[in-house]
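input.cif follows; it contains mmCIF, C-alpha atoms.
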data_model
#
loop_
_atom_site.label_atom_id
_atom_site.label_comp_id
_atom_site.auth_asym_id
_atom_site.auth_seq_id
_atom_site.Cartn_x
_atom_site.Cartn_y
_atom_site.Cartn_z
CA MET Z 1 -38.63 9.59 -5.29
CA SER Z 2 -36.30 7.99 -2.83
CA ILE Z 3 -32.79 6.69 -3.22
CA GLU Z 4 -31.01 4.95 -0.37
CA VAL Z 5 -27.41 5.95 0.14
CA ARG Z 6 -25.07 3.86 2.27
CA ILE Z 7 -22.62 6.07 4.16
CA PRO Z 8 -19.19 4.78 5.24
CA THR Z 9 -18.04 5.10 8.86
CA ILE Z 10 -15.64 7.96 8.11
CA LEU Z 11 -18.44 10.17 6.69
CA ARG Z 12 -21.06 9.48 9.35
CA THR Z 13 -20.02 12.62 11.20
CA TYR Z 14 -22.04 14.40 8.47
CA THR Z 15 -25.14 12.22 8.87
CA GLY Z 16 -25.46 12.27 12.64
CA GLY Z 17 -24.06 8.75 12.82
CA GLU Z 18 -26.61 7.31 10.36
CA LYS Z 19 -25.33 4.38 8.29
CA ALA Z 20 -27.79 5.11 5.49
CA VAL Z 21 -29.68 8.19 4.39
CA THR Z 22 -32.18 8.86 1.62
CA GLY Z 23 -32.01 11.43 -1.12
CA ASP Z 24 -33.47 12.52 -4.42
CA GLY Z 25 -32.14 13.27 -7.87
CA GLY Z 26 -32.27 12.17 -11.46
CA SER Z 27 -28.50 11.97 -11.65
CA LEU Z 28 -25.65 11.36 -9.25
CA ALA Z 29 -24.78 15.08 -9.36
CA ALA Z 30 -28.37 16.00 -8.42
CA LEU Z 31 -28.41 13.41 -5.63
CA ILE Z 32 -25.17 14.80 -4.19
CA GLU Z 33 -26.66 18.33 -4.21
CA ASP Z 34 -29.72 17.02 -2.38
CA LEU Z 35 -27.53 15.21 0.19
CA GLU Z 36 -25.44 18.34 0.67
CA ALA Z 37 -28.58 20.35 1.48
CA LYS Z 38 -29.53 17.82 4.17
CA HIS Z 39 -26.02 16.99 5.39
CA PRO Z 40 -23.77 20.01 4.80
CA GLY Z 41 -20.14 19.16 4.19
CA LEU Z 42 -20.78 15.81 2.57
CA LYS Z 43 -20.39 17.03 -1.00
CA ASP Z 44 -16.85 18.23 -0.45
CA ARG Z 45 -15.85 14.73 0.64
CA LEU Z 46 -17.21 13.18 -2.56
CA VAL Z 47 -16.50 15.79 -5.19
CA GLU Z 48 -13.62 18.11 -6.02
CA GLU Z 49 -13.16 20.82 -8.57
CA LYS Z 50 -11.10 19.92 -11.62
CA ASN Z 51 -10.58 22.48 -14.39
CA GLY Z 52 -13.47 24.58 -13.13
CA ALA Z 53 -15.97 21.69 -13.04
CA ASP Z 54 -17.05 19.23 -10.35
CA ASP Z 55 -15.54 15.77 -10.58
CA LEU Z 56 -15.63 12.72 -8.34
CA ARG Z 57 -12.74 12.45 -5.94
CA ARG Z 58 -10.17 9.93 -7.09
CA PHE Z 59 -10.12 7.92 -3.84
CA VAL Z 60 -13.84 7.71 -3.17
CA ASN Z 61 -15.83 4.96 -4.83
CA ILE Z 62 -19.54 5.40 -5.48
CA TYR Z 63 -21.70 2.55 -6.71
CA ILE Z 64 -25.23 2.53 -8.14
CA ASN Z 65 -26.88 -0.87 -7.81
CA ASP Z 66 -23.43 -2.44 -7.34
CA GLU Z 67 -21.89 -0.82 -10.41
CA ASP Z 68 -18.98 1.62 -10.04
CA VAL Z 69 -20.29 4.99 -11.28
CA ARG Z 70 -17.06 5.51 -13.23
CA PHE Z 71 -18.54 3.01 -15.69
CA LEU Z 72 -21.95 4.73 -15.66
CA GLY Z 73 -20.98 8.27 -16.60
CA GLY Z 74 -19.61 9.51 -13.28
CA LEU Z 75 -21.56 12.47 -11.92
CA GLU Z 76 -23.88 12.27 -14.95
CA ALA Z 77 -24.90 8.70 -14.06
CA PRO Z 78 -28.72 8.50 -14.17
CA LEU Z 79 -30.72 7.53 -11.08
CA SER Z 80 -34.27 6.35 -10.59
CA ASP Z 81 -36.57 5.72 -7.70
CA GLY Z 82 -35.49 2.73 -5.63
CA ASP Z 83 -31.86 2.75 -6.77
CA GLN Z 84 -29.30 1.86 -4.14
CA VAL Z 85 -26.18 3.95 -3.82
CA VAL Z 86 -23.12 2.94 -1.82
CA VAL Z 87 -20.21 5.24 -0.95
CA LEU Z 88 -16.93 3.56 -0.02
CA PRO Z 89 -13.57 5.26 0.42
CA ALA Z 90 -10.82 3.52 -1.53
CA VAL Z 91 -8.56 1.28 0.49
CA ALA Z 92 -5.27 2.44 -0.88
CA GLY Z 93 -1.89 3.84 0.00
CA GLY Z 94 1.76 3.81 -0.87
CA MET H 1 -2.85 -3.08 21.15
CA LEU H 2 -3.42 -5.56 18.34
CA THR H 3 -3.94 -9.17 19.37
CA ILE H 4 -3.65 -11.55 16.44
CA ASP H 5 -3.36 -15.32 16.17
CA GLN H 6 -0.20 -16.96 14.87
CA ALA H 7 -1.83 -18.54 11.78
CA THR H 8 -3.23 -15.21 10.55
CA TYR H 9 0.07 -13.45 11.29
CA ASP H 10 1.94 -16.11 9.29
CA ALA H 11 -0.57 -15.89 6.42
CA ILE H 12 -0.09 -12.11 6.14
CA VAL H 13 3.71 -12.49 6.11
CA ALA H 14 3.46 -15.28 3.50
CA HIS H 15 1.21 -13.10 1.34
CA ALA H 16 3.69 -10.21 1.50
CA LYS H 17 6.56 -12.52 0.52
CA ARG H 18 4.58 -14.06 -2.34
CA ASP H 19 3.68 -10.69 -3.87
CA HIS H 20 7.14 -9.15 -3.40
CA PRO H 21 8.39 -6.90 -5.07
CA ASP H 22 4.82 -5.59 -5.48
CA GLU H 23 2.90 -4.47 -2.42
CA ALA H 24 0.48 -7.02 -0.99
CA CYS H 25 -2.75 -5.94 0.66
CA GLY H 26 -5.79 -7.33 2.43
CA ILE H 27 -7.89 -7.25 5.53
CA VAL H 28 -8.76 -9.36 8.54
CA ALA H 29 -12.46 -9.03 9.30
CA GLY H 30 -14.08 -9.65 12.65
CA PRO H 31 -17.46 -9.26 14.34
CA GLU H 32 -18.45 -5.59 14.68
CA GLY H 33 -17.13 -4.07 17.90
CA SER H 34 -15.24 -7.24 18.91
CA ASP H 35 -11.70 -6.11 17.96
CA ARG H 36 -11.09 -9.77 17.01
CA PRO H 37 -9.30 -10.27 13.68
CA GLU H 38 -10.88 -13.60 12.69
CA ARG H 39 -11.28 -13.85 8.93
CA HIS H 40 -8.29 -13.15 6.70
CA VAL H 41 -9.12 -11.95 3.20
CA GLU H 42 -6.27 -11.44 0.72
CA MET H 43 -7.06 -8.72 -1.79
CA VAL H 44 -5.63 -8.13 -5.23
CA ASN H 45 -3.46 -5.04 -5.47
CA ALA H 46 -5.18 -3.43 -8.45
CA ALA H 47 -2.23 -1.03 -8.74
CA GLY H 48 0.19 -3.98 -9.15
CA SER H 49 3.00 -1.74 -7.97
CA PRO H 50 6.06 -1.84 -5.66
CA THR H 51 5.15 1.62 -4.33
CA PHE H 52 1.35 1.74 -4.27
CA TYR H 53 -1.61 -0.43 -3.42
CA GLU H 54 -5.32 -0.13 -4.04
CA PHE H 55 -8.15 -2.62 -3.60
CA ASP H 56 -9.98 -3.18 -6.88
CA SER H 57 -13.21 -1.13 -6.64
CA THR H 58 -15.55 -4.00 -7.58
CA GLU H 59 -13.85 -6.38 -5.14
CA LEU H 60 -13.94 -3.68 -2.47
CA LEU H 61 -17.73 -3.43 -2.75
CA ALA H 62 -18.12 -7.22 -2.73
CA LEU H 63 -15.94 -7.41 0.38
CA TYR H 64 -17.90 -4.74 2.27
CA LYS H 65 -21.26 -6.23 1.29
CA GLN H 66 -20.09 -9.58 2.60
CA MET H 67 -18.97 -7.96 5.87
CA TRP H 68 -22.29 -6.08 6.26
CA ASP H 69 -24.21 -9.36 5.71
CA ARG H 70 -22.13 -11.00 8.43
CA ASP H 71 -22.15 -8.01 10.82
CA GLU H 72 -18.40 -7.73 10.45
CA GLU H 73 -16.00 -4.86 10.10
CA PRO H 74 -12.38 -4.58 8.95
CA VAL H 75 -10.45 -5.14 12.18
CA VAL H 76 -7.08 -5.18 10.42
CA ILE H 77 -6.20 -3.49 7.13
CA TYR H 78 -2.73 -4.51 6.00
CA HIS H 79 -0.30 -3.87 3.21
CA SER H 80 3.38 -4.40 2.62
CA HIS H 81 6.25 -2.09 1.92
CA THR H 82 8.84 -3.81 -0.19
CA ALA H 83 11.77 -1.38 -0.14
CA THR H 84 11.16 0.71 2.98
CA GLU H 85 10.40 0.16 6.64
CA ALA H 86 7.00 -0.86 7.97
CA TYR H 87 5.86 2.67 8.78
CA PRO H 88 2.87 4.43 7.17
CA SER H 89 3.83 6.65 4.23
CA ARG H 90 2.35 10.09 3.74
CA THR H 91 -0.06 8.57 1.20
CA ASP H 92 -1.04 5.83 3.68
CA ILE H 93 -1.89 8.48 6.25
CA GLY H 94 -3.75 10.71 3.80
CA LEU H 95 -5.93 7.89 2.51
CA ALA H 96 -6.59 6.03 5.77
CA SER H 97 -10.37 5.96 6.11
CA GLU H 98 -11.14 3.39 8.80
CA PRO H 99 -10.49 5.11 12.15
CA GLY H 100 -11.50 1.93 14.01
CA ALA H 101 -9.09 -0.37 12.19
CA HIS H 102 -5.60 -1.55 13.06
CA TYR H 103 -3.41 -0.58 10.12
CA VAL H 104 -0.77 -3.27 9.82
CA LEU H 105 2.39 -2.61 7.82
CA VAL H 106 4.80 -5.38 6.97
CA SER H 107 8.14 -4.85 5.29
CA THR H 108 9.79 -7.43 3.08
CA LYS H 109 12.86 -5.21 2.60
CA GLU H 110 15.24 -7.05 4.93
CA TRP H 111 14.05 -10.47 3.80
CA ALA H 112 14.50 -9.53 0.13
CA GLU H 113 17.96 -8.06 0.76
CA ALA H 114 18.96 -11.34 2.36
CA GLY H 115 18.01 -13.11 -0.85
CA GLY H 116 14.29 -13.75 -0.36
CA GLY H 117 13.03 -17.30 -0.78
CA ASN H 118 13.29 -19.48 2.30
CA ASN H 119 15.85 -17.43 4.21
CA ASP H 120 15.11 -16.62 7.82
CA ALA H 121 15.61 -12.85 7.65
CA PRO H 122 12.79 -11.18 9.53
CA VAL H 123 9.74 -9.55 7.99
CA GLU H 124 8.92 -6.46 10.00
CA PHE H 125 5.28 -6.52 11.24
CA ARG H 126 3.95 -3.38 12.94
CA SER H 127 0.52 -1.97 13.73
CA TYR H 128 -0.86 1.57 13.89
CA ARG H 129 -3.99 3.55 14.48
CA ILE H 130 -4.45 6.28 11.89
CA VAL H 131 -7.09 8.83 12.89
CA ASP H 132 -7.46 12.29 11.35
CA GLY H 133 -3.93 12.16 10.01
CA GLU H 134 -2.47 11.16 13.41
CA VAL H 135 -0.41 7.97 13.51
CA THR H 136 -0.09 6.05 16.76
CA GLU H 137 1.96 2.87 16.83
CA GLU H 138 0.64 0.10 19.03
CA GLU H 139 1.95 -3.16 20.44
CA VAL H 140 1.34 -6.39 18.53
CA THR H 141 0.66 -9.51 20.58
CA VAL H 142 0.72 -12.81 18.72
CA VAL H 143 -1.21 -15.59 20.43
CA PRO H 144 -1.53 -19.29 19.51
CA SER H 145 -5.27 -18.76 19.04
CA LEU H 146 -7.76 -15.97 19.80
CA GLY H 147 -9.57 -18.32 22.22
#

If you convert what's in this file into structure tokens, what do you get?
Amino acid sequence: MSIEVRIPTILRTYTGGEKAVTGDGGSLAALIEDLEAKHPGLKDRLVEEKNGADDLRRFVNIYINDEDVRFLGGLEAPLSDGDQVVVLPAVAGG
Amino acid sequence: MLTIDQATYDAIVAHAKRDHPDEACGIVAGPEGSDRPERHVEMVNAAGSPTFYEFDSTELLALYKQMWDRDEEPVVIYHSHTATEAYPSRTDIGLASEPGAHYVLVSTKEWAEAGGGNNDAPVEFRSYRIVDGEVTEEEVTVVPSLG
């Protein structure tokens, strides 16, 4: 099983400069665990703890096959072989 | 230093005036590594707010995919402040995620206080680098064309 994950510039310090990495997992949560094992530190930039459970960070967008994972079940979003995942920090401010 | 052509500069200012009192936002893309802001893209402020801006997440992905296809990057990321000066807020600094980009801030405050519309009151236009929470202001040079 192989899922391609596009990494934004700001997080490439965790991937040795790689623009894209591959990972495994049947859900977004499982994929993030797999990425964390290969690229320590990455998970903390994508996920934060809310009320004792992991949740996606508010200002990081993750897409599976071009769909925002917030519409796919968030961390529970299912993944299959060949899916394409993109991580993009929000462009936002005050 | 940010070097930007007059037409793009004017378009950013016009966008900020049009969306006042809400914050306007957008980017100017350019070829990767060129530092040339060539292609102005106005974005919708999904927050629709006078004190906050956020690119719509679906439009954000579409924008980045288009840039990747064209080997571009965001050379300028801009937004307006409508009641304060053109200096990055704490939120702007905390959320800045493109260390290679010029963060342009424009302020419509003075223009709006002078009555808005067609009056000639200036719209402040300033540029910054924001890297690891550090803000560095830089000079803005407006040229007739990028050449």

* Asked: Applied to this file, what does the PyMOL selection byres ((chain H) within 10 of (chain Z)) return in terms of residues, put as number ranges by chain?
  -> H: 23, 25-27, 45-47, 49-58, 60-62, 64-65, 77-81, 88-100, 131-132

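When the PyMOL selection byres ((chain H and resi 34) around 12) is evaluated on the file shown here, the picked residues come out as Leu2, Thr3, Ala29, Gly30, Pro31, Glu32, Gly33, Asp35, Arg36, Pro37, Glu38, Asp71, Glu72, Glu73, Pro74, Val75, Val76, Gly100, Ala101 and Leu146 of chain H.
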
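For the pair CA of Val21 (chain Z) and CA of Tyr103 (chain H), the interatomic distance is 28.3 Å.
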
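For the residues Z:Arg45, Z:Glu4, Z:Pro78, Z:Asp83, ranking by smallest atom-to-atom distance to Gly23 (chain Z) using all atoms listed in the file places Z:Glu4 first.
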
* Structure fact -> Residue with the minimum atom-to-atom distance to Val140 (chain H), picked from H:Val104, H:Leu63, H:Met43, H:Ala14 with all atoms listed in the file counted, is H:Val104

* Asked: Could you pull the residues within 9 Å of region 121-126 of chain H, counting all atoms listed in the file, minus those fewer than 5 positions along the same chain, as a PyMOL selection string?
  -> chain H and resi 9+13+16-17+85-87+103-116+137-140
